[in-house]
$ cat start25.txt   # compact mmCIF, N, CA and C atoms
# COMPACT_ATOMS: atom_id res chain seq x y z
N MET A 1 35.22 53.98 51.42
CA MET A 1 35.44 53.28 50.18
C MET A 1 35.50 51.79 50.47
N THR A 2 34.80 51.00 49.69
CA THR A 2 34.85 49.56 49.84
C THR A 2 35.93 49.01 48.94
N GLU A 3 36.86 48.26 49.51
CA GLU A 3 37.93 47.66 48.74
C GLU A 3 37.79 46.15 48.76
N HIS A 4 37.93 45.56 47.60
CA HIS A 4 37.91 44.11 47.44
C HIS A 4 39.31 43.72 46.96
N VAL A 5 40.02 42.92 47.73
CA VAL A 5 41.40 42.57 47.41
C VAL A 5 41.44 41.13 46.90
N PHE A 6 42.08 40.95 45.75
CA PHE A 6 42.17 39.64 45.11
C PHE A 6 43.62 39.34 44.77
N GLU A 7 43.97 38.07 44.77
CA GLU A 7 45.24 37.61 44.23
C GLU A 7 44.94 37.10 42.83
N VAL A 8 45.65 37.64 41.83
CA VAL A 8 45.42 37.24 40.45
C VAL A 8 46.72 36.76 39.83
N GLY A 9 46.62 35.80 38.94
CA GLY A 9 47.78 35.26 38.26
C GLY A 9 48.02 35.96 36.94
N ALA A 10 49.30 36.09 36.58
CA ALA A 10 49.66 36.77 35.33
C ALA A 10 50.74 35.99 34.60
N ASP A 11 50.49 35.70 33.34
CA ASP A 11 51.52 35.17 32.45
C ASP A 11 51.80 36.13 31.30
N ILE A 12 51.04 37.22 31.23
CA ILE A 12 51.34 38.28 30.27
C ILE A 12 51.42 39.63 30.98
N GLY A 13 51.69 39.62 32.28
CA GLY A 13 51.94 40.83 33.03
C GLY A 13 50.76 41.77 33.16
N SER A 14 49.56 41.20 33.35
CA SER A 14 48.37 42.06 33.37
C SER A 14 47.27 41.46 34.23
N VAL A 15 46.19 42.22 34.36
CA VAL A 15 44.92 41.67 34.85
C VAL A 15 43.98 41.66 33.66
N ALA A 16 43.05 40.72 33.67
CA ALA A 16 42.12 40.58 32.55
C ALA A 16 40.70 40.87 33.00
N ILE A 17 39.98 41.55 32.13
CA ILE A 17 38.56 41.83 32.33
C ILE A 17 37.83 41.33 31.10
N THR A 18 36.76 40.57 31.31
CA THR A 18 36.01 40.03 30.19
C THR A 18 34.61 40.63 30.15
N SER A 19 34.08 40.67 28.93
CA SER A 19 32.72 41.15 28.72
C SER A 19 32.21 40.60 27.40
N ASP A 20 31.22 39.72 27.46
CA ASP A 20 30.54 39.21 26.28
C ASP A 20 31.49 38.78 25.16
N GLY A 21 32.42 37.90 25.49
CA GLY A 21 33.31 37.34 24.48
C GLY A 21 34.54 38.18 24.17
N VAL A 22 34.75 39.27 24.88
CA VAL A 22 35.91 40.13 24.68
C VAL A 22 36.72 40.16 25.96
N ARG A 23 38.05 40.15 25.84
CA ARG A 23 38.92 40.21 27.01
C ARG A 23 39.81 41.44 26.88
N PHE A 24 39.88 42.24 27.94
CA PHE A 24 40.71 43.43 27.99
C PHE A 24 41.81 43.22 29.02
N PHE A 25 42.97 43.83 28.76
CA PHE A 25 44.11 43.64 29.65
C PHE A 25 44.63 44.99 30.13
N PHE A 26 44.96 45.06 31.42
CA PHE A 26 45.59 46.24 32.00
C PHE A 26 46.91 45.79 32.62
N ALA A 27 48.02 46.41 32.18
CA ALA A 27 49.34 46.03 32.67
C ALA A 27 49.43 46.18 34.18
N ASN A 28 50.17 45.26 34.81
CA ASN A 28 50.31 45.33 36.27
C ASN A 28 51.57 46.08 36.70
N GLY A 29 52.38 46.54 35.76
CA GLY A 29 53.56 47.32 36.10
C GLY A 29 54.72 46.51 36.62
N TYR A 30 54.65 45.19 36.51
CA TYR A 30 55.71 44.34 37.02
C TYR A 30 56.02 43.18 36.07
N GLY A 31 55.01 42.37 35.78
CA GLY A 31 55.22 41.21 34.93
C GLY A 31 54.46 40.00 35.42
N ASP A 32 55.02 38.84 35.12
CA ASP A 32 54.36 37.57 35.45
C ASP A 32 54.41 37.26 36.94
N GLY A 33 53.51 36.35 37.34
CA GLY A 33 53.47 35.90 38.73
C GLY A 33 52.11 36.11 39.33
N THR A 34 52.03 36.01 40.64
CA THR A 34 50.79 36.26 41.37
C THR A 34 50.88 37.64 42.01
N HIS A 35 49.86 38.44 41.77
CA HIS A 35 49.88 39.83 42.21
C HIS A 35 48.54 40.22 42.82
N LYS A 36 48.54 41.36 43.48
CA LYS A 36 47.32 41.88 44.10
C LYS A 36 46.54 42.74 43.10
N CYS A 37 45.23 42.55 43.10
CA CYS A 37 44.33 43.43 42.37
C CYS A 37 43.29 43.91 43.36
N VAL A 38 43.14 45.22 43.46
CA VAL A 38 42.21 45.82 44.40
C VAL A 38 41.13 46.55 43.63
N VAL A 39 39.88 46.22 43.90
CA VAL A 39 38.75 46.91 43.28
C VAL A 39 38.14 47.83 44.33
N CYS A 40 38.11 49.12 44.02
CA CYS A 40 37.52 50.14 44.90
C CYS A 40 36.19 50.54 44.27
N ASP A 41 35.10 50.09 44.85
CA ASP A 41 33.80 50.24 44.19
C ASP A 41 32.95 51.39 44.72
N ALA A 42 33.56 52.39 45.30
CA ALA A 42 32.82 53.59 45.73
C ALA A 42 33.50 54.80 45.09
N ASP A 43 32.74 55.84 44.84
CA ASP A 43 33.28 56.99 44.13
C ASP A 43 33.89 58.03 45.07
N GLU A 44 34.67 57.54 46.02
CA GLU A 44 35.36 58.43 46.94
C GLU A 44 36.75 58.73 46.38
N ASN A 45 37.44 59.70 46.95
CA ASN A 45 38.76 60.07 46.46
C ASN A 45 39.73 58.92 46.56
N PHE A 46 40.52 58.73 45.52
CA PHE A 46 41.54 57.69 45.47
C PHE A 46 42.86 58.30 45.93
N ASP A 47 43.47 57.71 46.92
CA ASP A 47 44.74 58.26 47.39
C ASP A 47 45.89 57.27 47.28
N GLY A 48 45.66 56.11 46.68
CA GLY A 48 46.73 55.12 46.56
C GLY A 48 47.21 54.63 47.90
N GLY A 49 46.36 54.62 48.90
CA GLY A 49 46.74 54.31 50.26
C GLY A 49 46.95 52.85 50.56
N LEU A 50 47.27 52.06 49.56
CA LEU A 50 47.48 50.63 49.78
C LEU A 50 48.95 50.28 49.93
N ASP A 51 49.79 51.30 50.03
CA ASP A 51 51.23 51.06 50.10
C ASP A 51 51.62 50.47 51.44
N THR A 52 52.46 49.46 51.42
CA THR A 52 52.93 48.85 52.66
C THR A 52 54.32 49.32 53.04
N ARG A 53 54.96 50.11 52.17
CA ARG A 53 56.28 50.65 52.50
C ARG A 53 56.13 51.76 53.52
N GLU A 54 57.21 52.05 54.21
CA GLU A 54 57.16 53.08 55.25
C GLU A 54 56.86 54.45 54.70
N ASP A 55 57.44 54.79 53.54
CA ASP A 55 57.23 56.12 52.98
C ASP A 55 56.29 56.02 51.78
N SER A 56 55.00 56.08 52.04
CA SER A 56 54.02 55.91 50.97
C SER A 56 54.00 57.09 50.00
N SER A 57 54.64 58.20 50.34
CA SER A 57 54.67 59.35 49.44
C SER A 57 55.49 59.03 48.19
N GLU A 58 56.33 57.99 48.24
CA GLU A 58 57.12 57.61 47.08
C GLU A 58 56.36 56.72 46.11
N ARG A 59 55.20 56.27 46.49
CA ARG A 59 54.42 55.37 45.63
C ARG A 59 53.78 56.16 44.51
N HIS A 60 54.03 55.77 43.29
CA HIS A 60 53.44 56.43 42.13
C HIS A 60 52.57 55.44 41.38
N TRP A 61 51.32 55.79 41.18
CA TRP A 61 50.38 54.92 40.47
C TRP A 61 50.32 55.34 39.01
N ASN A 62 50.53 54.39 38.11
CA ASN A 62 50.48 54.65 36.67
C ASN A 62 49.07 54.40 36.16
N PHE A 63 48.53 55.34 35.41
CA PHE A 63 47.22 55.15 34.80
C PHE A 63 47.38 54.16 33.65
N GLU A 64 46.59 53.06 33.69
CA GLU A 64 46.68 52.02 32.66
C GLU A 64 45.53 52.06 31.66
N GLY A 65 44.44 52.71 32.02
CA GLY A 65 43.31 52.81 31.10
C GLY A 65 41.99 52.84 31.85
N SER A 66 40.93 52.85 31.08
CA SER A 66 39.60 52.91 31.68
C SER A 66 38.63 52.07 30.86
N PHE A 67 37.49 51.80 31.45
CA PHE A 67 36.43 51.09 30.73
C PHE A 67 35.08 51.50 31.32
N GLU A 68 34.04 51.28 30.55
CA GLU A 68 32.68 51.59 30.99
C GLU A 68 31.85 50.32 30.95
N VAL A 69 30.96 50.20 31.91
CA VAL A 69 30.01 49.09 31.93
C VAL A 69 28.62 49.72 31.83
N SER A 70 27.87 49.38 30.79
CA SER A 70 26.52 49.93 30.63
C SER A 70 25.56 49.20 31.55
N LYS A 71 24.41 49.80 31.77
CA LYS A 71 23.45 49.21 32.69
C LYS A 71 22.89 47.88 32.19
N ASP A 72 22.96 47.62 30.90
CA ASP A 72 22.44 46.38 30.33
C ASP A 72 23.55 45.39 29.97
N SER A 73 24.73 45.58 30.54
CA SER A 73 25.87 44.75 30.17
C SER A 73 26.57 44.24 31.43
N PHE A 74 27.74 43.65 31.25
CA PHE A 74 28.52 43.15 32.37
C PHE A 74 30.00 43.23 32.04
N ALA A 75 30.83 43.21 33.05
CA ALA A 75 32.28 43.07 32.92
C ALA A 75 32.76 42.33 34.16
N ASN A 76 33.65 41.37 33.96
CA ASN A 76 34.15 40.54 35.06
C ASN A 76 35.66 40.60 35.16
N LEU A 77 36.17 40.64 36.38
CA LEU A 77 37.59 40.50 36.65
C LEU A 77 37.89 39.01 36.67
N MET A 78 38.96 38.62 35.99
CA MET A 78 39.36 37.22 35.94
C MET A 78 40.50 36.95 36.92
N ASP A 79 40.58 35.72 37.40
CA ASP A 79 41.64 35.38 38.36
C ASP A 79 42.98 35.05 37.70
N TYR A 80 43.00 35.03 36.36
CA TYR A 80 44.22 34.71 35.62
C TYR A 80 44.12 35.41 34.27
N ASP A 81 45.22 36.05 33.83
CA ASP A 81 45.13 36.84 32.60
C ASP A 81 45.11 36.02 31.32
N CYS A 82 45.40 34.74 31.39
CA CYS A 82 45.35 33.88 30.20
C CYS A 82 44.19 32.88 30.28
N GLY A 83 43.16 33.20 31.01
CA GLY A 83 42.01 32.30 31.16
C GLY A 83 41.43 32.44 32.53
N GLY A 84 41.12 31.32 33.15
CA GLY A 84 40.68 31.35 34.53
C GLY A 84 39.20 31.57 34.73
N ASP A 85 38.86 31.99 35.94
CA ASP A 85 37.47 32.16 36.34
C ASP A 85 37.19 33.60 36.74
N SER A 86 35.93 33.97 36.65
CA SER A 86 35.49 35.28 37.09
C SER A 86 35.52 35.34 38.62
N ILE A 87 36.08 36.43 39.17
CA ILE A 87 36.13 36.56 40.62
C ILE A 87 35.43 37.83 41.12
N TYR A 88 35.02 38.71 40.19
CA TYR A 88 34.32 39.93 40.58
C TYR A 88 33.54 40.44 39.38
N THR A 89 32.32 40.91 39.61
CA THR A 89 31.52 41.52 38.55
C THR A 89 31.40 43.01 38.83
N PHE A 90 31.82 43.81 37.84
CA PHE A 90 31.79 45.26 37.98
C PHE A 90 30.37 45.79 37.78
N SER A 91 29.99 46.75 38.61
CA SER A 91 28.69 47.40 38.47
C SER A 91 28.74 48.41 37.33
N PRO A 92 27.58 48.82 36.81
CA PRO A 92 27.56 49.82 35.74
C PRO A 92 28.25 51.11 36.17
N GLY A 93 28.95 51.71 35.23
CA GLY A 93 29.63 52.96 35.48
C GLY A 93 30.98 53.01 34.80
N ARG A 94 31.75 54.06 35.11
CA ARG A 94 33.09 54.23 34.56
C ARG A 94 34.12 53.77 35.60
N TRP A 95 35.12 53.04 35.13
CA TRP A 95 36.16 52.47 35.97
C TRP A 95 37.53 52.85 35.42
N PHE A 96 38.47 53.18 36.31
CA PHE A 96 39.84 53.51 35.91
C PHE A 96 40.78 52.49 36.54
N ALA A 97 41.84 52.13 35.79
CA ALA A 97 42.83 51.16 36.26
C ALA A 97 44.19 51.83 36.43
N TYR A 98 44.84 51.53 37.56
CA TYR A 98 46.16 52.06 37.89
C TYR A 98 47.05 50.89 38.30
N SER A 99 48.36 51.02 38.08
CA SER A 99 49.27 49.96 38.49
C SER A 99 50.52 50.52 39.14
N ASN A 100 51.16 49.66 39.93
CA ASN A 100 52.46 49.97 40.50
C ASN A 100 53.08 48.68 41.02
N GLU A 101 54.22 48.32 40.46
CA GLU A 101 55.02 47.20 40.95
C GLU A 101 54.22 45.92 41.16
N GLY A 102 53.32 45.61 40.25
CA GLY A 102 52.56 44.37 40.32
C GLY A 102 51.16 44.52 40.84
N THR A 103 50.89 45.55 41.63
CA THR A 103 49.55 45.77 42.16
C THR A 103 48.73 46.58 41.17
N VAL A 104 47.50 46.15 40.93
CA VAL A 104 46.58 46.90 40.08
C VAL A 104 45.40 47.34 40.93
N ILE A 105 45.06 48.60 40.80
CA ILE A 105 43.86 49.12 41.46
C ILE A 105 42.87 49.49 40.37
N ILE A 106 41.67 48.96 40.49
CA ILE A 106 40.59 49.31 39.56
C ILE A 106 39.57 50.08 40.37
N ARG A 107 39.40 51.33 40.02
CA ARG A 107 38.64 52.27 40.83
C ARG A 107 37.38 52.73 40.10
N TYR A 108 36.26 52.65 40.80
CA TYR A 108 34.99 53.18 40.28
C TYR A 108 35.08 54.70 40.26
N LEU A 109 34.73 55.30 39.13
CA LEU A 109 34.76 56.75 39.04
C LEU A 109 33.38 57.35 39.28
N ASP A 110 32.41 56.97 38.44
CA ASP A 110 31.05 57.49 38.58
C ASP A 110 30.12 56.65 37.71
N ASN A 111 28.84 56.99 37.73
CA ASN A 111 27.87 56.22 36.96
C ASN A 111 27.51 56.87 35.63
N TYR A 112 28.33 57.80 35.17
CA TYR A 112 28.11 58.41 33.87
C TYR A 112 28.50 57.42 32.78
N ILE A 113 27.60 57.15 31.89
CA ILE A 113 27.88 56.26 30.76
C ILE A 113 27.77 57.10 29.50
N SER A 114 28.82 57.13 28.69
CA SER A 114 28.79 57.92 27.46
C SER A 114 27.76 57.35 26.49
N GLY A 115 27.37 58.17 25.53
CA GLY A 115 26.40 57.75 24.53
C GLY A 115 26.94 56.62 23.66
N ALA A 116 26.05 55.99 22.96
CA ALA A 116 26.44 54.90 22.08
C ALA A 116 27.39 55.41 21.00
N MET A 117 28.42 54.64 20.72
CA MET A 117 29.38 55.04 19.70
C MET A 117 28.87 54.57 18.33
N GLU A 118 29.08 55.40 17.33
CA GLU A 118 28.72 55.03 15.98
C GLU A 118 29.82 54.16 15.39
N VAL A 119 29.44 53.04 14.82
CA VAL A 119 30.41 52.13 14.24
C VAL A 119 30.21 52.12 12.73
N ASN A 120 31.28 52.40 12.00
CA ASN A 120 31.21 52.38 10.53
C ASN A 120 31.58 51.00 10.02
N GLU A 121 30.83 50.53 9.03
CA GLU A 121 31.14 49.23 8.44
C GLU A 121 32.38 49.38 7.57
N ARG A 122 33.17 48.31 7.49
CA ARG A 122 34.38 48.33 6.65
C ARG A 122 34.05 48.01 5.23
$ encode --input "start25.txt" --output "structure tokens"
Amino acid sequence: MTEHVFEVGADIGSVAITSDGVRFFFANGYGDGTHKCVVCDADENFDGGLDTREDSSERHWNFEGSFEVSKDSFANLMDYDCGGDSIYTFSPGRWFAYSNEGTVIIRYLDNYISGAMEVNER
């Protein structure tokens, strides 16, 4: 599994992902400050093995949500949840976000992209 480790800033306790004028937030499980965000971009088993404590069996990762990137679109990880710059571009596929005590892991699941959603006008 390829892991990309980033330090990201938070003033609303999250990491931010942008895509074509939209910003999505995933809670970091801690709050404000500078925290680690790890992007795992291979579809191998996720074991939460980033724990630095002696007893990693006590580490519990909270599921924060998921997102999909279509083959004709983009999504970027931002270095700050209230603005900032893009520091990583996600490849097409399904991605899941997990958090624990400030660390966020964004894990590639697979390249299955669901069908287009029907949008009803208001």
$ residues_around --input "start25.txt" --residues "Thr2 in chain A" --least-positions-apart "4" --cutoff "7 Å" --atoms "all atoms listed in the file" --output "MDAnalysis selection string"
chainID A and resid 39:42
$ residues_around --input "start25.txt" --residues "range 30-34 of chain A" --least-positions-apart "5" --cutoff "6.5 Å" --atoms "all atoms listed in the file" --output "list in words"
Glu7, Val8, Gly9, Ala10, Asp11, Ile12, Gly13, Ser14, Asn100, Glu101, Gly102 and Thr103 of chain A
$ atom_distance --input "start25.txt" --atom1 "atom C of Phe25 in chain A" --atom2 "atom N of Arg94 in chain A"
16.5 Å
$ residues_around --input "start25.txt" --residues "range 63-78 of chain A" --least-positions-apart "4" --cutoff "8 Å" --atoms "only N, CA and C atoms" --output "PyMOL selection string"
chain A and resi 7-9+15-20+25-28+82-100+112-114
$ atom_distance --input "start25.txt" --atom1 "CA of Tyr80 in chain A" --atom2 "atom N of Phe6 in chain A"
12.1 Å
$ atom_distance --input "start25.txt" --atom1 "CA of Arg107 in chain A" --atom2 "CA of His60 in chain A"
15.4 Å
$ axis_aligned_box --input "start25.txt" --around "range 12-28 of chain A" --padding-each-side "4 Å" --output "JSON"
{"center_x": 41.2, "center_y": 41.8, "center_z": 30.4, "size_x": 29.4, "size_y": 17.2, "size_z": 20.5}
$ decode --input "start25.txt" --residues "range 10-44 of chain A" --atoms "N, CA and C atoms" --output "compact mmCIF listing (two decimals), in the first residue's frame"
# COMPACT_ATOMS: atom_id res chain seq x y z
N ALA A 10 -6.25 22.77 10.71
CA ALA A 10 -7.69 22.72 10.94
C ALA A 10 -8.13 23.85 11.86
N ASP A 11 -9.12 24.61 11.43
CA ASP A 11 -9.78 25.58 12.29
C ASP A 11 -11.25 25.21 12.48
N ILE A 12 -11.71 24.16 11.80
CA ILE A 12 -13.05 23.64 12.04
C ILE A 12 -12.99 22.13 12.30
N GLY A 13 -11.84 21.64 12.74
CA GLY A 13 -11.69 20.26 13.17
C GLY A 13 -11.87 19.23 12.09
N SER A 14 -11.35 19.52 10.89
CA SER A 14 -11.58 18.60 9.78
C SER A 14 -10.45 18.65 8.76
N VAL A 15 -10.56 17.78 7.76
CA VAL A 15 -9.77 17.92 6.54
C VAL A 15 -10.75 18.31 5.44
N ALA A 16 -10.26 19.05 4.47
CA ALA A 16 -11.12 19.53 3.39
C ALA A 16 -10.71 18.91 2.06
N ILE A 17 -11.72 18.57 1.28
CA ILE A 17 -11.53 18.07 -0.08
C ILE A 17 -12.36 18.94 -0.99
N THR A 18 -11.75 19.41 -2.07
CA THR A 18 -12.46 20.26 -3.01
C THR A 18 -12.63 19.57 -4.35
N SER A 19 -13.70 19.98 -5.04
CA SER A 19 -13.96 19.47 -6.38
C SER A 19 -14.88 20.45 -7.09
N ASP A 20 -14.36 21.10 -8.12
CA ASP A 20 -15.14 21.97 -8.99
C ASP A 20 -16.06 22.93 -8.23
N GLY A 21 -15.47 23.70 -7.33
CA GLY A 21 -16.23 24.73 -6.62
C GLY A 21 -16.97 24.25 -5.39
N VAL A 22 -16.81 22.99 -5.01
CA VAL A 22 -17.47 22.44 -3.83
C VAL A 22 -16.40 21.98 -2.85
N ARG A 23 -16.63 22.19 -1.56
CA ARG A 23 -15.67 21.76 -0.54
C ARG A 23 -16.39 20.81 0.41
N PHE A 24 -15.78 19.66 0.68
CA PHE A 24 -16.32 18.66 1.58
C PHE A 24 -15.40 18.56 2.79
N PHE A 25 -15.99 18.25 3.95
CA PHE A 25 -15.22 18.20 5.18
C PHE A 25 -15.40 16.84 5.86
N PHE A 26 -14.30 16.28 6.35
CA PHE A 26 -14.33 15.05 7.14
C PHE A 26 -13.70 15.36 8.49
N ALA A 27 -14.46 15.11 9.58
CA ALA A 27 -13.98 15.41 10.92
C ALA A 27 -12.69 14.66 11.22
N ASN A 28 -11.80 15.32 11.97
CA ASN A 28 -10.53 14.68 12.31
C ASN A 28 -10.57 13.97 13.66
N GLY A 29 -11.69 14.04 14.37
CA GLY A 29 -11.82 13.34 15.64
C GLY A 29 -11.11 13.99 16.80
N TYR A 30 -10.64 15.22 16.62
CA TYR A 30 -9.93 15.91 17.68
C TYR A 30 -10.32 17.38 17.78
N GLY A 31 -10.14 18.11 16.68
CA GLY A 31 -10.45 19.53 16.70
C GLY A 31 -9.41 20.34 15.93
N ASP A 32 -9.24 21.57 16.36
CA ASP A 32 -8.36 22.50 15.66
C ASP A 32 -6.89 22.18 15.88
N GLY A 33 -6.05 22.73 14.99
CA GLY A 33 -4.61 22.56 15.10
C GLY A 33 -4.03 21.95 13.85
N THR A 34 -2.80 21.50 13.94
CA THR A 34 -2.13 20.83 12.82
C THR A 34 -2.15 19.33 13.10
N HIS A 35 -2.62 18.58 12.11
CA HIS A 35 -2.80 17.14 12.29
C HIS A 35 -2.30 16.39 11.07
N LYS A 36 -2.19 15.09 11.23
CA LYS A 36 -1.73 14.22 10.15
C LYS A 36 -2.93 13.75 9.31
N CYS A 37 -2.73 13.77 8.00
CA CYS A 37 -3.68 13.17 7.07
C CYS A 37 -2.90 12.20 6.20
N VAL A 38 -3.35 10.96 6.16
CA VAL A 38 -2.67 9.92 5.41
C VAL A 38 -3.57 9.45 4.29
N VAL A 39 -3.07 9.49 3.07
CA VAL A 39 -3.82 8.99 1.91
C VAL A 39 -3.21 7.65 1.52
N CYS A 40 -4.03 6.61 1.54
CA CYS A 40 -3.62 5.26 1.14
C CYS A 40 -4.24 5.00 -0.23
N ASP A 41 -3.42 5.03 -1.27
CA ASP A 41 -3.96 5.01 -2.62
C ASP A 41 -3.90 3.66 -3.32
N ALA A 42 -3.85 2.59 -2.57
CA ALA A 42 -3.90 1.24 -3.15
C ALA A 42 -5.05 0.49 -2.48
N ASP A 43 -5.64 -0.44 -3.20
CA ASP A 43 -6.83 -1.12 -2.67
C ASP A 43 -6.47 -2.37 -1.87
N GLU A 44 -5.48 -2.23 -1.02
CA GLU A 44 -5.09 -3.33 -0.14
C GLU A 44 -5.85 -3.21 1.17
